[in-house]
$ cat entry.json   # JSON, C-alpha atoms
[["chain", "number", "residue", "atom", "x", "y", "z"],
["A", 1, "MET", "CA", -17.61, -10.01, -0.17],
["A", 2, "PHE", "CA", -16.12, -7.33, 2.07],
["A", 3, "SER", "CA", -18.16, -6.34, 5.12],
["A", 4, "LYS", "CA", -19.84, -2.94, 4.76],
["A", 5, "LYS", "CA", -17.91, -1.25, 7.56],
["A", 6, "ILE", "CA", -14.91, -2.25, 9.60],
["A", 7, "HIS", "CA", -13.61, -0.76, 12.86],
["A", 8, "THR", "CA", -9.95, -0.51, 13.78],
["A", 9, "PRO", "CA", -8.68, 0.87, 17.11],
["A", 10, "THR", "CA", -6.80, 4.09, 17.79],
["A", 11, "ILE", "CA", -4.00, 4.15, 20.36],
["A", 12, "GLU", "CA", -1.87, 6.93, 21.80],
["A", 13, "ILE", "CA", 1.92, 6.69, 21.92],
["A", 14, "LYS", "CA", 4.36, 9.09, 23.53],
["A", 15, "PRO", "CA", 7.74, 9.16, 21.77],
["A", 16, "ARG", "CA", 10.36, 11.28, 23.55],
["A", 17, "GLU", "CA", 10.26, 13.91, 20.77],
["A", 18, "LEU", "CA", 6.73, 14.99, 21.72],
["A", 19, "LYS", "CA", 7.12, 15.79, 25.41],
["A", 20, "LYS", "CA", 8.50, 19.31, 25.38],
["A", 21, "HIS", "CA", 5.94, 20.48, 22.79],
["A", 22, "ASN", "CA", 2.95, 18.98, 24.64],
["A", 23, "ILE", "CA", 1.86, 17.31, 21.41],
["A", 24, "ARG", "CA", -0.33, 14.24, 21.49],
["A", 25, "LEU", "CA", 0.22, 11.54, 18.89],
["A", 26, "PHE", "CA", -2.39, 8.90, 18.11],
["A", 27, "ILE", "CA", -2.05, 5.91, 15.79],
["A", 28, "LYS", "CA", -5.02, 4.69, 13.78],
["A", 29, "ARG", "CA", -4.32, 0.95, 13.70],
["A", 30, "ASP", "CA", -5.61, 0.33, 10.21],
["A", 31, "ASP", "CA", -3.00, -2.38, 9.90],
["A", 32, "LEU", "CA", -5.60, -4.43, 11.78],
["A", 33, "THR", "CA", -8.28, -4.30, 9.07],
["A", 34, "ASP", "CA", -7.60, -7.92, 8.15],
["A", 35, "PRO", "CA", -4.95, -10.56, 8.97],
["A", 36, "VAL", "CA", -3.76, -10.71, 5.33],
["A", 37, "ILE", "CA", -5.48, -7.99, 3.23],
["A", 38, "SER", "CA", -3.93, -5.36, 5.43],
["A", 39, "GLY", "CA", -4.48, -1.68, 6.00],
["A", 40, "ASN", "CA", -5.20, 0.69, 3.15],
["A", 41, "LYS", "CA", -5.06, -2.20, 0.66],
["A", 42, "TYR", "CA", -8.25, -3.60, 2.21],
["A", 43, "ARG", "CA", -9.90, -0.19, 1.88],
["A", 44, "LYS", "CA", -8.73, 0.39, -1.70],
["A", 45, "LEU", "CA", -9.70, -3.04, -2.97],
["A", 46, "LYS", "CA", -13.13, -3.18, -1.30],
["A", 47, "TYR", "CA", -15.23, -1.30, -3.85],
["A", 48, "ASN", "CA", -13.08, -2.39, -6.78],
["A", 49, "LEU", "CA", -13.94, -6.02, -6.03],
["A", 50, "ILE", "CA", -17.58, -5.22, -5.35],
["A", 51, "SER", "CA", -17.75, -3.44, -8.73],
["A", 52, "ALA", "CA", -15.99, -6.33, -10.49],
["A", 53, "GLN", "CA", -18.43, -8.82, -9.00],
["A", 54, "LYS", "CA", -21.49, -6.73, -9.93],
["A", 55, "GLN", "CA", -20.25, -6.48, -13.52],
["A", 56, "GLY", "CA", -19.75, -10.23, -13.72],
["A", 57, "TYR", "CA", -15.96, -10.28, -14.04],
["A", 58, "LYS", "CA", -14.19, -13.48, -13.04],
["A", 59, "THR", "CA", -10.62, -12.20, -13.42],
["A", 60, "LEU", "CA", -8.73, -9.29, -11.84],
["A", 61, "LEU", "CA", -5.57, -7.91, -13.41],
["A", 62, "THR", "CA", -3.32, -5.42, -11.68],
["A", 63, "PHE", "CA", 0.23, -4.06, -11.59],
["A", 64, "GLY", "CA", 3.07, -3.78, -9.11],
["A", 65, "GLY", "CA", 6.72, -4.19, -8.25],
["A", 66, "ALA", "CA", 8.27, -7.38, -6.95],
["A", 67, "TYR", "CA", 7.73, -6.38, -3.30],
["A", 68, "SER", "CA", 4.33, -4.74, -3.77],
["A", 69, "ASN", "CA", 1.90, -4.80, -0.83],
["A", 70, "HIS", "CA", -0.85, -4.22, -3.38],
["A", 71, "ILE", "CA", 0.07, -7.33, -5.38],
["A", 72, "HIS", "CA", 0.08, -9.37, -2.17],
["A", 73, "ALA", "CA", -3.32, -8.01, -1.08],
["A", 74, "ALA", "CA", -4.93, -8.37, -4.52],
["A", 75, "ALA", "CA", -3.80, -11.99, -4.77],
["A", 76, "SER", "CA", -5.18, -12.76, -1.31],
["A", 77, "ALA", "CA", -8.47, -10.95, -1.96],
["A", 78, "GLY", "CA", -8.91, -12.73, -5.29],
["A", 79, "SER", "CA", -8.36, -16.11, -3.67],
["A", 80, "ARG", "CA", -10.78, -15.36, -0.85],
["A", 81, "PHE", "CA", -13.58, -13.97, -3.01],
["A", 82, "GLY", "CA", -13.38, -16.28, -6.00],
["A", 83, "PHE", "CA", -11.51, -14.24, -8.62],
["A", 84, "LYS", "CA", -8.71, -15.42, -10.85],
["A", 85, "THR", "CA", -5.86, -12.91, -10.44],
["A", 86, "ILE", "CA", -3.08, -11.80, -12.75],
["A", 87, "GLY", "CA", -0.22, -9.64, -11.52],
["A", 88, "VAL", "CA", 1.84, -7.72, -14.06],
["A", 89, "ILE", "CA", 5.18, -7.41, -12.29],
["A", 90, "ARG", "CA", 7.85, -4.83, -13.08],
["A", 91, "GLY", "CA", 11.18, -6.47, -14.01],
["A", 92, "GLU", "CA", 12.45, -9.88, -15.03],
["A", 93, "ARG", "CA", 11.42, -12.99, -13.12],
["A", 94, "PRO", "CA", 14.16, -13.74, -10.55],
["A", 95, "LYS", "CA", 15.56, -17.23, -10.06],
["A", 96, "LYS", "CA", 14.11, -17.21, -6.54],
["A", 97, "LEU", "CA", 10.90, -15.40, -5.70],
["A", 98, "ASN", "CA", 10.79, -13.15, -2.65],
["A", 99, "PRO", "CA", 8.22, -13.85, 0.13],
["A", 100, "THR", "CA", 5.66, -11.42, -1.33],
["A", 101, "LEU", "CA", 5.61, -13.14, -4.71],
["A", 102, "VAL", "CA", 5.77, -16.63, -3.18],
["A", 103, "ASP", "CA", 2.58, -15.79, -1.28],
["A", 104, "ALA", "CA", 0.98, -14.29, -4.39],
["A", 105, "GLU", "CA", 1.50, -17.52, -6.32],
["A", 106, "LEU", "CA", 0.26, -19.58, -3.38],
["A", 107, "PHE", "CA", -2.90, -17.45, -3.42],
["A", 108, "GLY", "CA", -3.27, -18.47, -7.08],
["A", 109, "MET", "CA", -2.09, -15.30, -8.80],
["A", 110, "GLU", "CA", -0.51, -15.74, -12.23],
["A", 111, "LEU", "CA", 2.59, -13.57, -12.37],
["A", 112, "HIS", "CA", 3.34, -11.85, -15.68],
["A", 113, "PHE", "CA", 6.79, -10.26, -15.65],
["A", 114, "VAL", "CA", 7.57, -7.42, -18.04],
["A", 115, "SER", "CA", 10.64, -5.27, -18.58],
["A", 116, "ARG", "CA", 10.85, -1.95, -16.79],
["A", 117, "THR", "CA", 10.51, -0.21, -20.15],
["A", 118, "ALA", "CA", 7.34, -2.12, -20.99],
["A", 119, "TYR", "CA", 5.96, -1.54, -17.50],
["A", 120, "ARG", "CA", 5.99, 2.21, -18.10],
["A", 121, "GLU", "CA", 3.33, 1.58, -20.78],
["A", 122, "LYS", "CA", 0.87, 0.13, -18.25],
["A", 123, "LYS", "CA", -1.71, 2.88, -18.95],
["A", 124, "ASP", "CA", -1.35, 2.68, -22.73],
["A", 125, "PRO", "CA", -4.49, 1.29, -24.45],
["A", 126, "GLY", "CA", -2.36, -0.81, -26.79],
["A", 127, "PHE", "CA", -0.54, -2.42, -23.87],
["A", 128, "ILE", "CA", -3.86, -3.21, -22.17],
["A", 129, "GLU", "CA", -5.26, -4.61, -25.43],
["A", 130, "ASP", "CA", -2.30, -7.00, -25.69],
["A", 131, "LEU", "CA", -3.02, -8.19, -22.14],
["A", 132, "ASN", "CA", -6.69, -8.71, -23.08],
["A", 133, "LYS", "CA", -5.63, -10.85, -26.04],
["A", 134, "LYS", "CA", -3.43, -12.95, -23.77],
["A", 135, "TYR", "CA", -5.73, -13.30, -20.75],
["A", 136, "GLY", "CA", -9.24, -12.57, -22.02],
["A", 137, "ASP", "CA", -11.69, -10.29, -20.24],
["A", 138, "PHE", "CA", -10.52, -8.86, -16.92],
["A", 139, "PHE", "CA", -11.37, -6.14, -14.42],
["A", 140, "LEU", "CA", -8.39, -3.82, -14.35],
["A", 141, "VAL", "CA", -7.24, -2.51, -10.98],
["A", 142, "PRO", "CA", -4.52, 0.16, -11.40],
["A", 143, "GLU", "CA", -1.11, 0.05, -9.76],
["A", 144, "GLY", "CA", -1.52, 0.51, -6.02],
["A", 145, "GLY", "CA", -5.29, 0.15, -6.45],
["A", 146, "SER", "CA", -5.66, 3.92, -6.73],
["A", 147, "ASN", "CA", -8.81, 5.02, -8.55],
["A", 148, "PRO", "CA", -12.12, 6.67, -7.55],
["A", 149, "LEU", "CA", -13.38, 3.35, -6.14],
["A", 150, "ALA", "CA", -10.33, 3.28, -3.87],
["A", 151, "VAL", "CA", -11.08, 6.84, -2.75],
["A", 152, "LYS", "CA", -14.59, 5.68, -1.78],
["A", 153, "GLY", "CA", -13.12, 2.88, 0.29],
["A", 154, "CYS", "CA", -10.56, 5.08, 2.03],
["A", 155, "ILE", "CA", -13.22, 7.60, 3.07],
["A", 156, "GLU", "CA", -14.38, 4.86, 5.44],
["A", 157, "ILE", "CA", -11.15, 5.33, 7.40],
["A", 158, "VAL", "CA", -12.36, 8.84, 8.24],
["A", 159, "ASP", "CA", -15.84, 7.51, 9.02],
["A", 160, "ASP", "CA", -14.16, 5.32, 11.65],
["A", 161, "PHE", "CA", -12.32, 8.16, 13.42],
["A", 162, "ASP", "CA", -13.22, 8.23, 17.11],
["A", 163, "ASP", "CA", -12.26, 11.89, 17.69],
["A", 164, "THR", "CA", -11.23, 15.07, 15.87],
["A", 165, "TYR", "CA", -7.59, 15.94, 15.22],
["A", 166, "ASP", "CA", -5.61, 18.98, 14.19],
["A", 167, "TYR", "CA", -3.46, 16.96, 11.78],
["A", 168, "VAL", "CA", -3.88, 13.62, 10.01],
["A", 169, "THR", "CA", -0.71, 12.06, 8.58],
["A", 170, "LEU", "CA", -0.04, 9.04, 6.38],
["A", 171, "ALA", "CA", 2.47, 7.53, 3.98],
["A", 172, "CYS", "CA", 1.85, 7.89, 0.22],
["A", 173, "GLY", "CA", 2.71, 5.56, -2.65],
["A", 174, "THR", "CA", 0.23, 6.20, -5.45],
["A", 175, "GLY", "CA", -1.91, 8.71, -3.53],
["A", 176, "GLY", "CA", -5.30, 6.98, -3.44],
["A", 177, "THR", "CA", -5.46, 6.70, 0.34],
["A", 178, "LEU", "CA", -4.58, 10.35, 0.89],
["A", 179, "ALA", "CA", -7.22, 11.34, -1.66],
["A", 180, "GLY", "CA", -9.78, 9.38, 0.33],
["A", 181, "ILE", "CA", -8.72, 10.93, 3.63],
["A", 182, "VAL", "CA", -8.91, 14.46, 2.20],
["A", 183, "ALA", "CA", -12.31, 13.82, 0.60],
["A", 184, "GLY", "CA", -13.61, 12.20, 3.78],
["A", 185, "LEU", "CA", -12.50, 15.07, 6.00],
["A", 186, "ASN", "CA", -14.10, 17.55, 3.58],
["A", 187, "GLY", "CA", -11.94, 20.48, 4.65],
["A", 188, "LYS", "CA", -11.65, 19.58, 8.34],
["A", 189, "SER", "CA", -8.17, 19.08, 9.88],
["A", 190, "ARG", "CA", -4.87, 19.44, 8.07],
["A", 191, "VAL", "CA", -3.64, 16.41, 6.13],
["A", 192, "LEU", "CA", 0.06, 15.74, 5.68],
["A", 193, "GLY", "CA", 1.23, 13.02, 3.29],
["A", 194, "PHE", "CA", 4.71, 11.48, 3.25],
["A", 195, "PRO", "CA", 5.63, 10.21, -0.25],
["A", 196, "VAL", "CA", 7.96, 7.21, -0.14],
["A", 197, "LEU", "CA", 9.21, 7.79, -3.68],
["A", 198, "LYS", "CA", 11.99, 10.22, -4.47],
["A", 199, "GLY", "CA", 10.54, 13.22, -6.29],
["A", 200, "GLY", "CA", 7.11, 12.52, -4.82],
["A", 201, "SER", "CA", 5.83, 16.01, -5.57],
["A", 202, "PHE", "CA", 4.32, 14.57, -8.79],
["A", 203, "LEU", "CA", 1.62, 13.16, -6.49],
["A", 204, "TYR", "CA", 0.04, 16.59, -6.09],
["A", 205, "ASP", "CA", -1.52, 16.28, -9.55],
["A", 206, "ASP", "CA", -2.40, 12.59, -9.11],
["A", 207, "ILE", "CA", -4.14, 13.17, -5.78],
["A", 208, "SER", "CA", -5.98, 16.27, -6.99],
["A", 209, "ASN", "CA", -7.18, 14.37, -10.06],
["A", 210, "LEU", "CA", -8.42, 11.44, -7.96],
["A", 211, "ILE", "CA", -10.41, 13.78, -5.70],
["A", 212, "ARG", "CA", -11.91, 15.62, -8.67],
["A", 213, "GLN", "CA", -12.86, 12.33, -10.34],
["A", 214, "PHE", "CA", -14.53, 11.21, -7.12],
["A", 215, "ASN", "CA", -16.51, 14.28, -6.05],
["A", 216, "GLY", "CA", -15.55, 17.17, -8.35],
["A", 217, "LYS", "CA", -14.07, 19.16, -5.46],
["A", 218, "GLU", "CA", -10.73, 20.75, -4.63],
["A", 219, "TYR", "CA", -9.31, 21.19, -1.13],
["A", 220, "ASP", "CA", -6.50, 23.33, 0.23],
["A", 221, "ASN", "CA", -6.03, 21.62, 3.61],
["A", 222, "TRP", "CA", -3.42, 19.07, 2.54],
["A", 223, "LEU", "CA", 0.31, 19.05, 1.80],
["A", 224, "LEU", "CA", 3.05, 16.58, 0.95],
["A", 225, "SER", "CA", 6.24, 16.39, 2.99],
["A", 226, "THR", "CA", 8.69, 15.15, 0.37],
["A", 227, "GLN", "CA", 11.94, 15.06, 2.36],
["A", 228, "TYR", "CA", 11.48, 11.71, 4.16],
["A", 229, "HIS", "CA", 11.87, 9.19, 1.32],
["A", 230, "PHE", "CA", 15.42, 8.28, 2.51],
["A", 231, "GLY", "CA", 16.69, 8.09, -1.06],
["A", 232, "GLY", "CA", 13.67, 6.50, -2.72],
["A", 233, "TYR", "CA", 11.41, 3.49, -2.62],
["A", 234, "ALA", "CA", 12.70, 0.84, -0.15],
["A", 235, "LYS", "CA", 15.83, 2.94, 0.51],
["A", 236, "TYR", "CA", 16.88, 3.47, 4.11],
["A", 237, "ASN", "CA", 19.59, 4.63, 6.48],
["A", 238, "TRP", "CA", 20.53, 3.63, 10.01],
["A", 239, "ASP", "CA", 18.55, 6.44, 11.59],
["A", 240, "LEU", "CA", 15.38, 4.99, 10.06],
["A", 241, "ILE", "CA", 16.21, 1.43, 11.13],
["A", 242, "LYS", "CA", 16.99, 2.52, 14.70],
["A", 243, "PHE", "CA", 13.76, 4.52, 14.87],
["A", 244, "ILE", "CA", 11.61, 1.61, 13.65],
["A", 245, "ASN", "CA", 13.18, -0.78, 16.15],
["A", 246, "TYR", "CA", 12.88, 1.81, 18.95],
["A", 247, "ILE", "CA", 9.15, 2.22, 18.29],
["A", 248, "HIS", "CA", 8.75, -1.55, 18.31],
["A", 249, "ILE", "CA", 10.59, -2.01, 21.59],
["A", 250, "LYS", "CA", 9.23, 1.04, 23.39],
["A", 251, "HIS", "CA", 5.64, 1.12, 22.14],
["A", 252, "LYS", "CA", 5.04, -2.47, 20.96],
["A", 253, "LEU", "CA", 4.15, -1.06, 17.54],
["A", 254, "ARG", "CA", 5.49, -2.62, 14.36],
["A", 255, "LEU", "CA", 6.33, -0.35, 11.43],
["A", 256, "ASP", "CA", 7.53, -1.28, 7.98],
["A", 257, "PRO", "CA", 10.64, 0.40, 6.49],
["A", 258, "VAL", "CA", 9.02, 1.32, 3.15],
["A", 259, "TYR", "CA", 5.90, 3.22, 4.24],
["A", 260, "THR", "CA", 4.84, 3.61, 7.86],
["A", 261, "GLY", "CA", 8.36, 3.79, 9.30],
["A", 262, "LYS", "CA", 9.24, 6.73, 7.07],
["A", 263, "MET", "CA", 5.96, 8.47, 7.81],
["A", 264, "LEU", "CA", 6.25, 8.25, 11.60],
["A", 265, "PHE", "CA", 9.93, 9.17, 11.49],
["A", 266, "GLY", "CA", 8.93, 12.25, 9.52],
["A", 267, "VAL", "CA", 6.18, 13.17, 11.98],
["A", 268, "CYS", "CA", 8.55, 12.96, 14.95],
["A", 269, "ASP", "CA", 11.28, 14.87, 13.13],
["A", 270, "LEU", "CA", 8.84, 17.65, 12.22],
["A", 271, "VAL", "CA", 7.73, 17.83, 15.86],
["A", 272, "HIS", "CA", 11.39, 18.17, 16.88],
["A", 273, "HIS", "CA", 11.84, 21.05, 14.43],
["A", 274, "GLY", "CA", 8.71, 22.87, 15.56],
["A", 275, "TYR", "CA", 6.55, 22.27, 12.49],
["A", 276, "PHE", "CA", 3.42, 21.46, 14.47],
["A", 277, "PRO", "CA", 2.03, 24.10, 16.87],
["A", 278, "ASP", "CA", 2.31, 23.26, 20.56],
["A", 279, "ASN", "CA", -0.68, 21.36, 21.95],
["A", 280, "SER", "CA", -1.55, 19.85, 18.55],
["A", 281, "LYS", "CA", -3.36, 16.54, 18.32],
["A", 282, "ILE", "CA", -1.96, 14.38, 15.51],
["A", 283, "LEU", "CA", -3.46, 11.19, 14.11],
["A", 284, "ALA", "CA", -1.01, 9.04, 12.15],
["A", 285, "ILE", "CA", -2.69, 6.36, 10.03],
["A", 286, "HIS", "CA", -0.95, 2.99, 10.11],
["A", 287, "THR", "CA", -1.62, 1.75, 6.59],
["A", 288, "GLY", "CA", -0.29, -1.78, 7.12],
["A", 289, "GLY", "CA", 2.32, -3.23, 4.77],
["A", 290, "LEU", "CA", 3.96, -5.31, 7.48],
["A", 291, "GLN", "CA", 4.21, -8.34, 5.19],
["A", 292, "GLY", "CA", 6.95, -6.42, 3.36],
["A", 293, "ILE", "CA", 9.30, -6.68, 6.34],
["A", 294, "ARG", "CA", 10.10, -10.27, 5.35],
["A", 295, "GLY", "CA", 11.36, -9.29, 1.91],
["A", 296, "PHE", "CA", 13.23, -6.28, 3.29],
["A", 297, "ASN", "CA", 15.02, -8.40, 5.88],
["A", 298, "GLN", "CA", 15.78, -11.04, 3.26],
["A", 299, "ARG", "CA", 17.43, -8.42, 1.04],
["A", 300, "PHE", "CA", 19.25, -6.41, 3.68],
["A", 301, "GLY", "CA", 20.02, -8.80, 6.52],
["A", 302, "SER", "CA", 17.33, -8.96, 9.22],
["A", 303, "LEU", "CA", 17.59, -5.28, 10.18],
["A", 304, "ILE", "CA", 13.98, -4.91, 11.34],
["A", 305, "ARG", "CA", 12.84, -6.55, 14.56],
["A", 306, "VAL", "CA", 9.91, -8.90, 14.01]]
$ encode --input "entry.json" --output "structure tokens"
Amino acid sequence: MFSKKIHTPTIEIKPRELKKHNIRLFIKRDDLTDPVISGNKYRKLKYNLISAQKQGYKTLLTFGGAYSNHIHAAASAGSRFGFKTIGVIRGERPKKLNPTLVDAELFGMELHFVSRTAYREKKDPGFIEDLNKKYGDFFLVPEGGSNPLAVKGCIEIVDDFDDTYDYVTLACGTGGTLAGIVAGLNGKSRVLGFPVLKGGSFLYDDISNLIRQFNGKEYDNWLLSTQYHFGGYAKYNWDLIKFINYIHIKHKLRLDPVYTGKMLFGVCDLVHHGYFPDNSKILAIHTGGLQGIRGFNQRFGSLIRV
């Protein structure tokens, strides 16, 4: 099963936007947690799989979209640690699977496609009961892996910090990683999340609920910056593409266009507009997701340097 603790390095980069404000920007390379179960997905799955094993479950069932990093990671983790995996996928099965779903099937995951309407019922007890009737007993991991067990795993990112920072930033999908960072910091530093979904302000309630479920506490040292979704999940413009490729060329750092690219673009843009006080130390958490570049380039024409 997963090792108890894992260390990932922190590097400093110096994009041109930071110079005149004397701001230092560090990247927590949590994309290096594992060659396949990458970044925050490793952290979020860790205690879910440990719990499933302790309870004697042989099957994991979870949810995600066709390009989901979580689906990819769950399939890989299941294969590695001896679980049968079932992925409930939003939308109809395409004639040709994208690279994420090809990998998932190669890892042994059974893909169960449902309509977008049906997918919205993923938390409904009746929907889950129907899945139980079809697949038998399973350990349910929620969409994105976000639950109190994921919060416990993501606290270990904070445990691995090698310094203190004025601000900690990260991309947000379902909010579990940010909940873990906030709980782990326990009121220290400011935390700034960058939702990748349009209308991401709904995450305030989701993140607060996850923290309360985990430790019963509330914190006021975190915010969401909701203006850097670029139109919604997997949406982009040329400014984002140029930025991602610039960071790759200049700093030898790969970013994905769905999560980490938007987050770091947002950080640099906020620096440019004076959001962060001069002399701030910022830690941006690289949450992985680089496997998604293949599907993005397949859909949109090899825009991201690899």
$ closest_residue --input "entry.json" --among "A:Leu49, A:Ile11, A:Ala73, A:Val258" --to "Gly153 of chain A" --atoms "all atoms listed in the file"
A:Leu49
$ closest_residue --input "entry.json" --among "A:Leu106, A:Leu197, A:Val36, A:Leu185" --to "Tyr165 of chain A" --atoms "only C-alpha atoms"
A:Leu185
$ closest_residue --input "entry.json" --among "A:Gly199, A:Tyr233, A:Ser302, A:Phe243" --to "Cys268 of chain A" --atoms "only C-alpha atoms"
A:Phe243
$ residues_near_point --input "entry.json" --point "(-9.6, 21.9, -1.7)" --cutoff "9 Å" --atoms "all atoms listed in the file" --output "ChimeraX atom specification"
/A:182-183,186-187,208,217-222
$ residues_around --input "entry.json" --residues "Tyr119 of chain A" --least-positions-apart "6" --cutoff "9 Å" --atoms "only C-alpha atoms" --output "compact mmCIF listing (two decimals) with C-alpha atoms, keeping the file's coordinate frame"
# COMPACT_ATOMS: atom_id res chain seq x y z
CA PHE A 63 0.23 -4.06 -11.59
CA VAL A 88 1.84 -7.72 -14.06
CA ILE A 89 5.18 -7.41 -12.29
CA ARG A 90 7.85 -4.83 -13.08
CA GLY A 91 11.18 -6.47 -14.01
CA PHE A 113 6.79 -10.26 -15.65
$ residues_near_point --input "entry.json" --point "(13.9, -8.8, 4.2)" --cutoff "12 Å" --atoms "all atoms listed in the file" --output "list in words"
Tyr67, Asn98, Pro99, Thr100, Ala234, Asp256, Pro257, Val258, Leu290, Gln291, Gly292, Ile293, Arg294, Gly295, Phe296, Asn297, Gln298, Arg299, Phe300, Gly301, Ser302, Leu303, Ile304, Arg305 and Val306 of chain A
